[in-house]
file entry_37.cif (mmCIF, C-alpha atoms)
data_start
loop_
_atom_site.label_atom_id
_atom_site.label_comp_id
_atom_site.auth_asym_id
_atom_site.auth_seq_id
_atom_site.Cartn_x
_atom_site.Cartn_y
_atom_site.Cartn_z
CA MET A 20 -17.37 4.72 -2.27
CA LYS A 21 -19.31 4.56 1.00
CA MET A 22 -17.68 3.46 4.25
CA GLN A 23 -19.93 0.39 4.44
CA GLU A 24 -18.72 -0.77 1.04
CA ILE A 25 -15.10 -0.23 2.07
CA ASP A 26 -15.77 -2.26 5.20
CA LYS A 27 -17.08 -5.09 2.99
CA LEU A 28 -13.88 -4.98 0.95
CA ILE A 29 -11.83 -5.33 4.13
CA ASN A 30 -13.98 -8.22 5.32
CA ASN A 31 -13.44 -9.89 1.95
CA ASN A 32 -9.68 -9.40 2.38
CA GLN A 33 -9.46 -6.96 -0.54
CA LEU A 34 -7.15 -4.81 1.55
CA ASP A 35 -5.28 -2.93 -1.17
CA LYS A 36 -8.53 -1.95 -2.86
CA ALA A 37 -10.00 -0.84 0.46
CA GLN A 38 -6.87 1.17 1.23
CA LEU A 39 -7.05 2.87 -2.15
CA GLU A 40 -10.69 3.80 -1.60
CA LEU A 41 -9.91 5.20 1.84
CA SER A 42 -7.04 7.26 0.52
CA LYS A 43 -9.40 8.84 -2.02
CA LEU A 44 -11.45 10.29 0.84
CA GLY A 45 -8.70 12.74 1.78
CA GLU A 46 -7.83 14.96 4.70
CA THR A 47 -11.37 15.95 5.66
CA PHE A 48 -11.84 12.44 7.04
CA PHE A 49 -8.74 12.43 9.25
CA LYS A 50 -10.94 13.19 12.26
CA ASP A 51 -13.73 10.82 11.29
CA ALA A 52 -14.01 7.87 13.69
CA GLU A 53 -15.39 5.45 11.08
CA TYR A 54 -12.63 6.31 8.61
CA LEU A 55 -9.98 5.81 11.32
CA TYR A 56 -11.62 2.56 12.40
CA LEU A 57 -11.50 1.19 8.85
CA ARG A 58 -7.87 2.26 8.50
CA SER A 59 -7.16 0.39 11.73
CA LYS A 60 -8.91 -2.73 10.47
CA ILE A 61 -6.58 -2.75 7.47
CA PHE A 62 -3.50 -2.26 9.68
CA TYR A 63 -4.75 -5.06 11.93
CA SER A 64 -5.28 -7.39 8.95
CA LYS A 65 -1.73 -6.64 7.83
CA LYS A 66 -0.46 -7.42 11.34
CA LEU A 67 0.68 -3.83 11.84
CA TYR A 68 -0.64 -4.02 15.39
CA TYR A 69 0.89 -0.91 16.89
CA ILE A 70 -0.18 1.39 14.06
CA ALA A 71 -3.65 -0.14 14.39
CA ILE A 72 -3.80 0.61 18.13
CA ASP A 73 -2.54 4.18 17.68
CA THR A 74 -5.18 4.80 15.02
CA LEU A 75 -7.93 3.24 17.15
CA LEU A 76 -6.92 5.36 20.13
CA THR A 77 -7.24 8.43 17.92
CA ALA A 78 -10.63 7.18 16.63
CA SER A 79 -11.84 6.84 20.23
CA GLU A 80 -11.18 10.57 20.70
CA PHE A 81 -13.97 11.25 18.23
CA LYS A 82 -16.48 8.51 19.00
CA LYS A 83 -16.90 6.06 21.88
CA GLU A 84 -17.93 2.92 20.03
CA ASP A 85 -17.80 -0.67 21.21
CA LYS A 86 -16.25 -1.90 17.98
CA ILE A 87 -13.29 0.45 18.47
CA TYR A 88 -12.64 -0.77 22.02
CA ASN A 89 -13.21 -4.40 21.07
CA LEU A 90 -10.57 -4.25 18.36
CA ILE A 91 -8.08 -2.61 20.75
CA ALA A 92 -8.79 -5.38 23.30
CA LYS A 93 -8.36 -8.05 20.63
CA ILE A 94 -4.98 -6.64 19.60
CA TYR A 95 -3.69 -6.41 23.18
CA ASN A 96 -4.66 -10.04 23.58
CA ILE A 97 -2.56 -10.94 20.53
CA LEU A 98 0.33 -8.87 21.87
CA GLY A 99 0.21 -10.80 25.14
CA ASN A 100 -1.03 -8.04 27.45
CA ASP A 101 -4.01 -10.01 28.81
CA GLU A 102 -4.66 -7.71 31.74
CA LEU A 103 -5.06 -4.62 29.58
CA SER A 104 -7.05 -6.60 27.03
CA LYS A 105 -9.52 -7.72 29.71
CA LYS A 106 -9.89 -4.23 31.15
CA ILE A 107 -10.63 -2.77 27.71
CA SER A 108 -13.12 -5.56 26.97
CA ASP A 109 -15.02 -4.76 30.17
CA SER A 110 -17.45 -1.89 29.52
CA ASN A 111 -17.19 -0.82 33.17
CA LEU A 112 -13.40 -0.60 33.16
CA ARG A 113 -12.59 0.38 29.60
CA SER A 114 -12.98 4.12 29.88
CA GLN A 115 -10.45 4.41 32.69
CA ALA A 116 -8.11 1.86 31.11
CA ILE A 117 -8.05 3.74 27.81
CA ASP A 118 -7.62 7.07 29.52
CA THR A 119 -4.69 5.77 31.57
CA LEU A 120 -3.12 4.28 28.44
CA LYS A 121 -3.46 7.55 26.51
CA GLY A 122 -2.00 9.40 29.48
CA GLU A 123 1.12 7.23 29.23
CA LEU A 124 1.57 7.97 25.52
CA SER A 125 2.75 11.44 24.63
CA GLY A 126 2.14 11.12 20.89
CA ILE A 127 -1.55 10.21 20.63
CA TYR A 128 -3.89 12.94 19.37
CA ARG A 129 -6.19 14.25 22.14
CA ASN A 130 -9.41 16.02 21.25
CA LYS A 131 -9.38 19.14 23.41
CA PHE A 132 -13.03 19.95 22.65
CA GLU A 133 -14.36 16.62 23.87
CA MET B 11 36.85 23.20 -6.43
CA ILE B 12 34.41 21.31 -4.22
CA LYS B 13 32.82 23.38 -1.45
CA LEU B 14 30.59 22.29 1.42
CA LEU B 15 27.91 24.55 2.86
CA TRP B 16 26.05 23.50 6.02
CA ASN B 17 22.70 25.19 5.54
CA THR B 18 20.32 23.59 8.05
CA SER B 19 19.74 26.67 10.18
CA ARG B 20 20.19 29.26 7.41
CA HIS B 21 17.47 30.73 5.14
CA GLN B 22 14.81 29.21 7.39
CA LYS B 23 11.77 31.20 8.49
CA ASP B 24 9.59 28.29 9.57
CA SER B 25 10.02 27.87 13.34
CA PHE B 26 9.48 24.08 13.39
CA GLU B 27 12.03 23.53 10.65
CA LEU B 28 14.43 26.02 12.23
CA THR B 29 14.37 24.02 15.49
CA TRP B 30 15.21 20.90 13.50
CA GLY B 31 17.82 22.79 11.50
CA LYS B 32 19.59 23.71 14.73
CA TYR B 33 19.26 20.14 15.94
CA HIS B 34 21.07 18.92 12.81
CA GLU B 35 23.68 21.63 13.18
CA ASP B 36 24.44 20.32 16.67
CA ASN B 37 23.91 16.61 16.14
CA SER B 38 24.33 15.51 12.52
CA LYS B 39 27.69 16.96 11.52
CA ASP B 40 29.82 14.02 12.66
CA TRP B 41 27.63 11.69 10.59
CA ILE B 42 27.62 13.71 7.38
CA TYR B 43 31.32 14.65 7.66
CA PHE B 44 32.12 10.99 8.17
CA LEU B 45 30.32 10.08 4.94
CA LEU B 46 32.30 12.78 3.14
CA GLN B 47 35.69 11.68 4.48
CA ASN B 48 36.91 10.59 1.03
CA ILE B 49 36.08 13.96 -0.55
CA ASN B 50 38.53 16.81 -0.68
CA TYR B 51 36.30 19.81 0.01
CA LYS B 52 36.48 23.26 1.53
CA SER B 53 33.86 24.26 4.13
CA ILE B 54 32.21 27.59 3.42
CA ASN B 55 29.80 29.67 5.50
CA SER B 56 27.61 31.25 2.86
CA GLU B 57 26.70 31.12 -0.83
CA GLU B 58 28.69 34.34 -1.29
CA GLU B 59 31.79 32.13 -1.21
CA ILE B 60 30.62 30.10 -4.22
CA ASP B 61 32.34 30.87 -7.52
CA LYS B 62 30.83 30.12 -10.89
CA GLY B 63 31.88 26.64 -11.89
CA ASP B 64 32.27 25.31 -8.36
CA THR B 65 30.93 21.93 -7.36
CA VAL B 66 28.96 22.40 -4.15
CA ILE B 67 27.74 20.00 -1.47
CA ILE B 68 24.83 21.32 0.59
CA ALA B 69 23.84 19.77 3.93
CA ASP B 70 20.30 20.91 4.63
CA SER B 71 16.87 20.29 6.15
CA GLY B 72 13.46 21.94 5.77
CA ILE B 73 14.31 22.56 2.12
CA HIS B 74 10.74 23.12 0.92
CA PHE B 75 10.87 26.56 2.55
CA LYS B 76 14.06 27.49 0.69
CA GLU B 77 13.19 27.34 -2.99
CA HIS B 78 14.77 30.74 -3.80
CA PHE B 79 18.05 29.59 -2.32
CA TYR B 80 18.02 26.46 -4.47
CA ILE B 81 17.13 28.32 -7.64
CA LYS B 82 20.07 30.66 -6.99
CA LEU B 83 22.36 27.71 -6.30
CA ASN B 84 21.30 26.06 -9.52
CA THR B 85 22.46 29.05 -11.53
CA LEU B 86 25.64 29.63 -9.49
CA THR B 87 27.20 26.18 -9.51
CA LYS B 88 28.60 23.73 -12.00
CA ARG B 89 27.03 20.86 -10.09
CA PHE B 90 25.51 20.61 -6.65
CA PHE B 91 24.79 17.71 -4.39
CA LEU B 92 22.34 17.72 -1.53
CA PHE B 93 22.45 15.87 1.78
CA HIS B 94 18.85 16.20 2.87
CA MET B 95 18.29 15.50 6.57
CA GLY B 96 15.04 15.20 8.50
CA ASP B 97 11.79 14.99 6.49
CA GLU B 98 10.36 12.11 8.50
CA HIS B 99 6.96 13.10 7.05
CA LEU B 100 8.14 12.55 3.44
CA ASP B 101 6.88 16.00 2.47
CA LYS B 102 5.77 16.19 -1.18
CA ARG B 103 6.91 19.83 -1.38
CA ASN B 104 10.53 18.62 -1.55
CA GLU B 105 10.15 17.22 -5.07
CA PRO B 106 10.52 20.55 -6.94
CA ILE B 107 13.66 21.30 -4.90
CA TYR B 108 15.12 17.94 -5.86
CA SER B 109 14.72 18.86 -9.53
CA TYR B 110 17.39 21.58 -9.11
CA CYS B 111 19.99 19.16 -7.66
CA ASP B 112 22.40 16.88 -9.50
CA TYR B 113 22.12 14.17 -6.89
CA ILE B 114 20.49 13.80 -3.49
CA TRP B 115 21.25 11.73 -0.42
CA ARG B 116 18.32 11.73 1.97
CA THR B 117 17.39 10.25 5.32
CA TYR B 118 13.99 8.57 5.89
CA CYS B 119 13.42 6.55 2.77
CA SER B 120 10.23 5.87 0.88
CA PRO B 121 9.59 3.07 -1.65
CA LYS B 122 9.64 5.63 -4.47
CA TYR B 123 13.37 6.15 -3.87
CA PHE B 124 14.34 2.46 -3.77
CA LYS B 125 15.13 2.41 -7.49
CA SER B 126 15.75 6.10 -8.09
CA ASN B 127 18.80 7.06 -10.15
CA LYS B 128 18.88 10.52 -8.58
CA VAL B 129 18.09 9.96 -4.92
CA LYS B 130 19.91 7.60 -2.57
CA CYS B 131 18.69 6.94 0.94
CA ILE B 132 21.07 7.06 3.86
CA PRO B 133 20.44 6.35 7.54
CA PRO B 134 19.66 9.35 9.76
CA GLY B 135 22.93 8.35 11.42
CA TYR B 136 24.11 8.79 14.97
CA LYS B 137 24.31 11.93 17.07
CA SER B 138 27.63 13.77 16.93
CA GLY B 139 30.06 12.39 19.48
CA PHE B 140 29.39 8.65 19.16
CA LYS B 141 32.66 6.80 18.60
CA GLN B 142 33.34 3.16 17.87
CA LYS B 143 35.63 2.73 20.87
CA PHE B 144 34.81 -0.58 22.52
CA ASP B 145 36.16 -4.06 23.03
CA LEU B 146 33.85 -6.29 21.02
CA ASP B 147 34.76 -9.44 22.97
CA LYS B 148 34.15 -7.94 26.41
CA LYS B 149 31.10 -9.35 28.23
CA ARG B 150 28.42 -6.71 28.67
CA HIS B 151 26.40 -5.99 31.81
CA TYR B 152 23.01 -4.75 30.56
CA LYS B 153 20.74 -7.07 28.61
CA TRP B 154 18.98 -4.15 26.94
CA CYS B 155 18.71 -0.39 27.11
CA PHE B 156 16.43 2.37 25.92
CA PHE B 157 16.77 6.15 25.73
CA GLY B 158 13.80 8.14 24.50
CA THR B 159 10.13 8.99 24.66
CA GLN B 160 7.12 6.71 25.00
CA HIS B 161 5.03 8.41 22.39
CA LYS B 162 2.92 5.60 20.97
CA SER B 163 1.67 2.09 21.68
CA SER B 164 4.73 0.26 20.35
CA ARG B 165 7.02 1.81 22.94
CA HIS B 166 4.43 1.24 25.66
CA ASP B 167 4.23 -2.46 24.76
CA MET B 168 8.02 -2.67 24.46
CA ASN B 169 8.28 -1.45 28.03
CA PHE B 170 5.52 -3.82 29.20
CA GLN B 171 7.18 -6.83 27.59
CA LEU B 172 10.79 -6.08 28.51
CA GLU B 173 10.75 -4.27 31.85
CA LYS B 174 11.17 -7.46 33.86
CA ILE B 175 14.26 -8.54 31.93
CA LYS B 176 17.13 -7.31 34.07
CA PRO B 177 19.69 -5.84 34.22
CA ASN B 178 18.46 -3.13 31.88
CA PHE B 179 18.94 0.63 31.56
CA VAL B 180 16.03 2.92 30.71
CA ASN B 181 16.13 6.71 30.40
CA ARG B 182 12.58 7.65 29.46
CA ILE B 183 11.90 11.29 28.63
CA ASP B 184 8.68 13.19 27.95
CA LYS B 185 9.73 14.97 24.77
CA PHE B 186 12.36 14.46 22.07
CA ALA B 187 15.76 16.00 22.89
CA ASP B 188 14.53 17.19 26.29
CA LYS B 189 17.50 19.26 27.45
CA LYS B 190 16.87 18.67 31.16
CA LYS B 191 16.18 14.94 31.17
CA SER B 192 17.92 13.53 28.09
CA ALA B 193 21.20 11.74 28.61
CA ASN B 194 24.14 13.25 26.75
CA VAL B 195 26.20 11.30 24.22
CA GLU B 196 28.89 10.44 26.76
CA GLU B 197 26.33 9.00 29.18
CA MET B 198 24.58 7.13 26.39
CA GLU B 199 27.83 5.67 25.05
CA LYS B 200 28.77 4.43 28.50
CA VAL B 201 25.52 2.45 28.68
CA PHE B 202 25.50 1.30 25.03
CA PHE B 203 29.09 0.02 25.33
CA ASN B 204 27.90 -2.18 28.18
CA THR B 205 24.66 -3.46 26.60
CA ASN B 206 23.81 -6.41 24.37
CA PHE B 207 20.47 -5.49 22.78
CA THR B 208 18.91 -2.17 21.81
CA PRO B 209 15.17 -2.34 21.09
CA CYS B 210 14.51 0.25 18.38
CA PRO B 211 10.78 0.94 18.09
CA ALA B 212 9.65 2.97 15.09
CA GLY B 213 10.00 6.75 15.15
CA PHE B 214 7.02 9.09 15.36
CA PHE B 215 6.06 8.81 11.67
CA HIS B 216 8.66 6.52 10.17
CA PRO B 217 10.33 3.17 11.01
CA GLU B 218 13.75 4.88 11.15
CA SER B 219 15.38 6.28 14.26
CA TYR B 220 18.81 7.55 15.30
CA ARG B 221 18.78 4.83 17.96
CA ILE B 222 19.45 2.06 15.42
CA TYR B 223 22.69 3.62 14.20
CA GLU B 224 23.81 4.65 17.68
CA ALA B 225 23.31 1.02 18.68
CA LEU B 226 25.36 -0.19 15.71
CA GLN B 227 28.05 2.39 16.35
CA CYS B 228 28.36 1.09 19.93
CA GLY B 229 28.36 -2.62 19.11
CA THR B 230 24.90 -3.53 20.43
CA ILE B 231 22.29 -5.52 18.53
CA PRO B 232 19.39 -3.43 17.17
CA ILE B 233 15.95 -5.01 17.42
CA VAL B 234 13.70 -3.19 14.95
CA GLU B 235 10.01 -3.26 14.14
CA SER B 236 9.43 -4.84 10.77
CA VAL B 237 6.92 -2.30 9.47
CA TYR B 238 6.24 -2.99 5.77
CA ASN B 239 9.62 -4.85 5.69
CA TYR B 240 11.23 -1.41 5.54
CA PHE B 241 14.70 -2.44 6.67
CA ASP B 242 14.93 -5.45 4.36
CA ASN B 243 13.95 -3.23 1.46
CA ILE B 244 16.42 -0.49 2.20
CA TYR B 245 19.30 -2.67 3.46
CA PRO B 246 19.00 -6.13 1.92
CA SER B 247 20.98 -8.68 3.98
CA ASN B 248 21.07 -6.50 7.08
CA PRO B 249 21.65 -8.41 10.33
CA PHE B 250 19.11 -6.54 12.48
CA ILE B 251 16.69 -8.60 14.53
CA LYS B 252 13.22 -7.86 13.16
CA ILE B 253 10.02 -8.31 15.13
CA ASN B 254 6.30 -7.71 14.65
CA LYS B 255 5.46 -7.82 18.36
CA TRP B 256 7.73 -6.94 21.28
CA LYS B 257 6.82 -10.31 22.85
CA GLU B 258 9.15 -11.83 20.22
CA ALA B 259 12.04 -9.63 21.42
CA LYS B 260 11.44 -10.70 25.00
CA GLU B 261 12.13 -14.32 24.10
CA ILE B 262 15.35 -13.41 22.28
CA ILE B 263 16.77 -11.08 24.94
CA ASP B 264 15.90 -13.52 27.70
CA ASN B 265 17.00 -16.78 26.09
CA TRP B 266 19.97 -16.20 23.82
CA SER B 267 23.27 -17.67 25.00
CA ASP B 268 26.41 -15.57 25.46
CA ASP B 269 27.87 -17.11 22.30
CA GLN B 270 24.78 -16.35 20.24
CA ILE B 271 24.84 -12.75 21.47
CA LEU B 272 28.54 -12.28 20.77
CA ASN B 273 28.22 -13.74 17.27
CA LYS B 274 25.29 -11.49 16.46
CA ARG B 275 27.07 -8.44 17.84
CA LYS B 276 30.06 -9.22 15.63
CA GLU B 277 27.80 -9.73 12.64
CA CYS B 278 26.16 -6.32 13.26
CA VAL B 279 29.46 -4.47 13.70
CA ASN B 280 30.93 -6.06 10.57
CA TRP B 281 27.86 -5.25 8.52
CA TRP B 282 27.78 -1.66 9.74
CA ASN B 283 31.47 -1.06 8.99
CA GLN B 284 31.07 -2.55 5.54
CA TYR B 285 28.01 -0.39 4.90
CA LEU B 286 29.90 2.73 5.98
CA SER B 287 32.89 1.92 3.82
CA ASP B 288 30.77 1.07 0.76
CA HIS B 289 28.70 4.18 1.12
CA LYS B 290 31.66 6.49 1.57
CA ASN B 291 33.07 5.05 -1.66
CA PHE B 292 29.75 5.42 -3.44
CA ILE B 293 29.59 9.10 -2.45
CA GLN B 294 33.16 9.63 -3.64
CA GLU B 295 32.42 8.04 -7.01
CA LYS B 296 29.18 9.98 -7.46
CA ILE B 297 30.74 13.35 -6.73
CA LYS B 298 33.76 12.56 -8.95
CA GLU B 299 31.59 11.60 -11.98
#

call {"tool": "encode", "arguments": {"input": "entry_37.cif", "output": "structure tokens"}}
result
Amino acid sequence: MKMQEIDKLINNNQLDKAQLELSKLGETFFKDAEYLYLRSKIFYSKKLYYIAIDTLLTASEFKKEDKIYNLIAKIYNILGNDELSKKISDSNLRSQAIDTLKGELSGIYRNKFE
Amino acid sequence: MIKLLWNTSRHQKDSFELTWGKYHEDNSKDWIYFLLQNINYKSINSEEEIDKGDTVIIADSGIHFKEHFYIKLNTLTKRFFLFHMGDEHLDKRNEPIYSYCDYIWRTYCSPKYFKSNKVKCIPPGYKSGFKQKFDLDKKRHYKWCFFGTQHKSSRHDMNFQLEKIKPNFVNRIDKFADKKKSANVEEMEKVFFNTNFTPCPAGFFHPESYRIYEALQCGTIPIVESVYNYFDNIYPSNPFIKINKWKEAKEIIDNWSDDQILNKRKECVNWWNQYLSDHKNFIQEKIKE
């Protein structure tokens, strides 16, 4: 199944089906930003906020996309960290904010070839 | 005769698993020996000391690299039981090894083991040295404490939400079991014995952590992340405080009365002691069968 179709499943709240389809894609997608983003959307929908952020931070190592940052900002707003949420929402501040955040976390994958 | 072989740093060629094997050798013996207190066994140092017809208990980690050892054990013994430590990743390569064993106790559970009649999950336990030596009724100084790394976003948010709640004690290190910066068990106990709440964010891959059981062992209240309701599935009726966001813990740590805290601490200690007693008996019965 294509990523767009899996995204539709998530948007229609068919989370288990979407998860199953993603798991069929296998290890070759573990460094694919879209795959990681969709995984994060499922975690977010299941209120697994921290796993969602960790996965989005990894996704941002492979692609700098607004939708990735916007979802991180949205989650930090839910968690109650308004300052960080605002910084990540701001396209002028987000890059530094995300970099600082990753620098404070020893367990997030960093793409050395970036 | 029942014999116990501690095998975590033996027969291991993989360097990652050998490091963990040595960690368990140094830190997990008190926990496993405690669980085996009701068993009359003899400790042995190698499989050469196993006689045909013996019942053997193996304490091990990194088992998927030791298949030859387990095949040999299977032919040598009457029955053998495995205490499988580590395996936070839930490695699929362990399954064939499990097929050689009569019964397995393992840390880091997975839903597939919830109803297994061959595998029973146990907590990863506390580091060797932690003793239950405290006065439960004594008022404690620190509201919360944390020892460990800040590897992912949960721990970062925990710190953000809780850092202003004082007095607290935080010993943050850059890597797990950092020999230079980590507090030793004595230092940790001193703080835990004087603390009310222990926030226990999930481990690197799994909701479990040693911290939860060190907290229980020292009479503090564990606050755990409720990831996939893991703790309610593995320990139904546990008294842990479960949260989805660390903001929820902030309200509890900040607002609970002394009486509420003391009652919860007592509830946790009682539950933990009952769990330990029940599980020791379960192990005794299983090995006797």

call {"tool": "closest_residue", "arguments": {"input": "entry_37.cif", "among": "A:Ser64, A:Ser125, A:Thr47, A:Gln115", "to": "Asp35 in chain A", "atoms": "only C-alpha atoms"}}
result
A:Ser64

call {"tool": "resolve_selection", "arguments": {"input": "entry_37.cif", "expression": "the PyMOL selection byres ((chain B) within 6 of (chain A))", "output": "MDAnalysis selection string"}}
result
chainID B and resid 160:164

call {"tool": "resolve_selection", "arguments": {"input": "entry_37.cif", "expression": "the PyMOL selection byres ((chain B and resi 172) around 9)", "output": "VMD selection string"}}
result
chain B and resid 154 167 to 171 173 to 176 178 256 to 257 259 to 260 263

call {"tool": "write_last_selection", "arguments": {"input": "entry_37.cif", "atoms": "C-alpha atoms", "output": "PDB file, in the coordinates of the input"}}
result
ATOM      1  CA  TRP B 154      18.980  -4.150  26.940  1.00  0.00           C
ATOM      2  CA  ASP B 167       4.230  -2.460  24.760  1.00  0.00           C
ATOM      3  CA  MET B 168       8.020  -2.670  24.460  1.00  0.00           C
ATOM      4  CA  ASN B 169       8.280  -1.450  28.030  1.00  0.00           C
ATOM      5  CA  PHE B 170       5.520  -3.820  29.200  1.00  0.00           C
ATOM      6  CA  GLN B 171       7.180  -6.830  27.590  1.00  0.00           C
ATOM      7  CA  GLU B 173      10.750  -4.270  31.850  1.00  0.00           C
ATOM      8  CA  LYS B 174      11.170  -7.460  33.860  1.00  0.00           C
ATOM      9  CA  ILE B 175      14.260  -8.540  31.930  1.00  0.00           C
ATOM     10  CA  LYS B 176      17.130  -7.310  34.070  1.00  0.00           C
ATOM     11  CA  ASN B 178      18.460  -3.130  31.880  1.00  0.00           C
ATOM     12  CA  TRP B 256       7.730  -6.940  21.280  1.00  0.00           C
ATOM     13  CA  LYS B 257       6.820 -10.310  22.850  1.00  0.00           C
ATOM     14  CA  ALA B 259      12.040  -9.630  21.420  1.00  0.00           C
ATOM     15  CA  LYS B 260      11.440 -10.700  25.000  1.00  0.00           C
ATOM     16  CA  ILE B 263      16.770 -11.080  24.940  1.00  0.00           C
TER      17      ILE B 263
END

call {"tool": "residues_around", "arguments": {"input": "entry_37.cif", "residues": "Arg113 in chain A", "least_positions_apart": "4", "cutoff": "10 Å", "atoms": "all atoms listed in the file", "output": "list in words"}}
result
Asp85, Tyr88, Asn89, Ala92, Leu103, Ser104, Lys105, Lys106, Ile107, Ser108, Asp109, Ile117, Asp118 and Thr119 of chain A

call {"tool": "closest_residue", "arguments": {"input": "entry_37.cif", "among": "B:Ile107, B:Leu86, B:Ile60, B:Leu272", "to": "His74 in chain B", "atoms": "all atoms listed in the file"}}
result
B:Ile107

call {"tool": "atom_distance", "arguments": {"input": "entry_37.cif", "atom1": "CA of Ala52 in chain A", "atom2": "CA of Lys82 in chain A"}}
result
5.9 Å

call {"tool": "resolve_selection", "arguments": {"input": "entry_37.cif", "expression": "the PyMOL selection byres ((chain B and resi 137-147) around 9)", "output": "list in words"}}
result
His34, Asp36, Asn37, Ser38, Lys39, Asp40, Trp41, Gly135, Tyr136, Lys148, Lys149, Arg150, Val195, Glu196, Met198, Glu199, Phe203, Tyr220, Tyr223, Glu224, Leu226, Gln227, Cys228, Gly229, Leu272, Arg275, Lys276 and Val279 of chain B

call {"tool": "atom_distance", "arguments": {"input": "entry_37.cif", "atom1": "CA of Asn280 in chain B", "atom2": "CA of Lys130 in chain B"}}
result
21.9 Å

call {"tool": "residues_around", "arguments": {"input": "entry_37.cif", "residues": "Ala37 in chain A", "least_positions_apart": "5", "cutoff": "9 Å", "atoms": "all atoms listed in the file", "output": "PyMOL selection string"}}
result
chain A and resi 24-29+32+42+57-58+61

call {"tool": "atom_distance", "arguments": {"input": "entry_37.cif", "atom1": "CA of Ile251 in chain B", "atom2": "CA of Arg221 in chain B"}}
result
14.0 Å

call {"tool": "residues_around", "arguments": {"input": "entry_37.cif", "residues": "Lys296 in chain B", "least_positions_apart": "2", "cutoff": "12 Å", "atoms": "only C-alpha atoms", "output": "list in words"}}
result
Leu46, Asn48, Ile49, Ile67, Arg89, Phe90, Phe91, Leu92, Asp112, Tyr113, Ile114, Trp115, Asn127, Lys128, Val129, Lys130, His289, Lys290, Asn291, Phe292, Ile293, Gln294, Lys298 and Glu299 of chain B

call {"tool": "residues_around", "arguments": {"input": "entry_37.cif", "residues": "Asn17 in chain B", "least_positions_apart": "4", "cutoff": "10 Å", "atoms": "all atoms listed in the file", "output": "ChimeraX atom specification"}}
result
/B:21-22,31-32,34-35,55-57,68-73

call {"tool": "axis_aligned_box", "arguments": {"input": "entry_37.cif", "around": "range 162-169 of chain B", "padding_each_side": "3 Å", "output": "lines of an AutoDock Vina configuration file"}}
result
center_x = 5.0
center_y = 1.5
center_z = 24.2
size_x = 12.6
size_y = 14.3
size_z = 13.7

call {"tool": "closest_residue", "arguments": {"input": "entry_37.cif", "among": "B:Val234, B:Ala225, B:Cys111, B:Ile253", "to": "Thr85 in chain B", "atoms": "only C-alpha atoms"}}
result
B:Cys111

call {"tool": "decode", "arguments": {"input": "entry_37.cif", "residues": "range 180-191 of chain B", "atoms": "N, CA and C atoms", "output": "PDB file, in the first residue's frame"}}
result
ATOM      1  N   VAL B 180      18.612  15.449  41.729  1.00  0.00           N
ATOM      2  CA  VAL B 180      18.801  14.939  40.369  1.00  0.00           C
ATOM      3  C   VAL B 180      20.289  14.653  40.123  1.00  0.00           C
ATOM      4  N   ASN B 181      20.566  13.442  39.677  1.00  0.00           N
ATOM      5  CA  ASN B 181      21.921  13.062  39.272  1.00  0.00           C
ATOM      6  C   ASN B 181      21.833  12.609  37.816  1.00  0.00           C
ATOM      7  N   ARG B 182      22.004  13.593  36.912  1.00  0.00           N
ATOM      8  CA  ARG B 182      21.843  13.269  35.489  1.00  0.00           C
ATOM      9  C   ARG B 182      23.195  12.902  34.892  1.00  0.00           C
ATOM     10  N   ILE B 183      23.218  11.784  34.180  1.00  0.00           N
ATOM     11  CA  ILE B 183      24.474  11.329  33.574  1.00  0.00           C
ATOM     12  C   ILE B 183      24.312  11.252  32.056  1.00  0.00           C
ATOM     13  N   ASP B 184      25.441  11.196  31.352  1.00  0.00           N
ATOM     14  CA  ASP B 184      25.386  11.215  29.886  1.00  0.00           C
ATOM     15  C   ASP B 184      25.185   9.835  29.279  1.00  0.00           C
ATOM     16  N   LYS B 185      25.674   8.812  29.962  1.00  0.00           N
ATOM     17  CA  LYS B 185      25.471   7.461  29.429  1.00  0.00           C
ATOM     18  C   LYS B 185      25.171   6.493  30.567  1.00  0.00           C
ATOM     19  N   PHE B 186      24.440   5.411  30.221  1.00  0.00           N
ATOM     20  CA  PHE B 186      24.013   4.434  31.219  1.00  0.00           C
ATOM     21  C   PHE B 186      25.220   3.838  31.946  1.00  0.00           C
ATOM     22  N   ALA B 187      25.097   3.747  33.276  1.00  0.00           N
ATOM     23  CA  ALA B 187      26.152   3.145  34.112  1.00  0.00           C
ATOM     24  C   ALA B 187      27.511   3.817  33.907  1.00  0.00           C
ATOM     25  N   ASP B 188      27.488   5.142  33.743  1.00  0.00           N
ATOM     26  CA  ASP B 188      28.713   5.921  33.601  1.00  0.00           C
ATOM     27  C   ASP B 188      29.520   5.802  34.906  1.00  0.00           C
ATOM     28  N   LYS B 189      30.689   5.158  34.815  1.00  0.00           N
ATOM     29  CA  LYS B 189      31.431   4.851  36.045  1.00  0.00           C
ATOM     30  C   LYS B 189      31.904   6.103  36.779  1.00  0.00           C
ATOM     31  N   LYS B 190      32.168   7.180  36.037  1.00  0.00           N
ATOM     32  CA  LYS B 190      32.681   8.395  36.687  1.00  0.00           C
ATOM     33  C   LYS B 190      31.566   9.215  37.337  1.00  0.00           C
ATOM     34  N   LYS B 191      30.437   9.314  36.662  1.00  0.00           N
ATOM     35  CA  LYS B 191      29.396  10.233  37.141  1.00  0.00           C
ATOM     36  C   LYS B 191      28.224   9.572  37.862  1.00  0.00           C
TER      37      LYS B 191
END
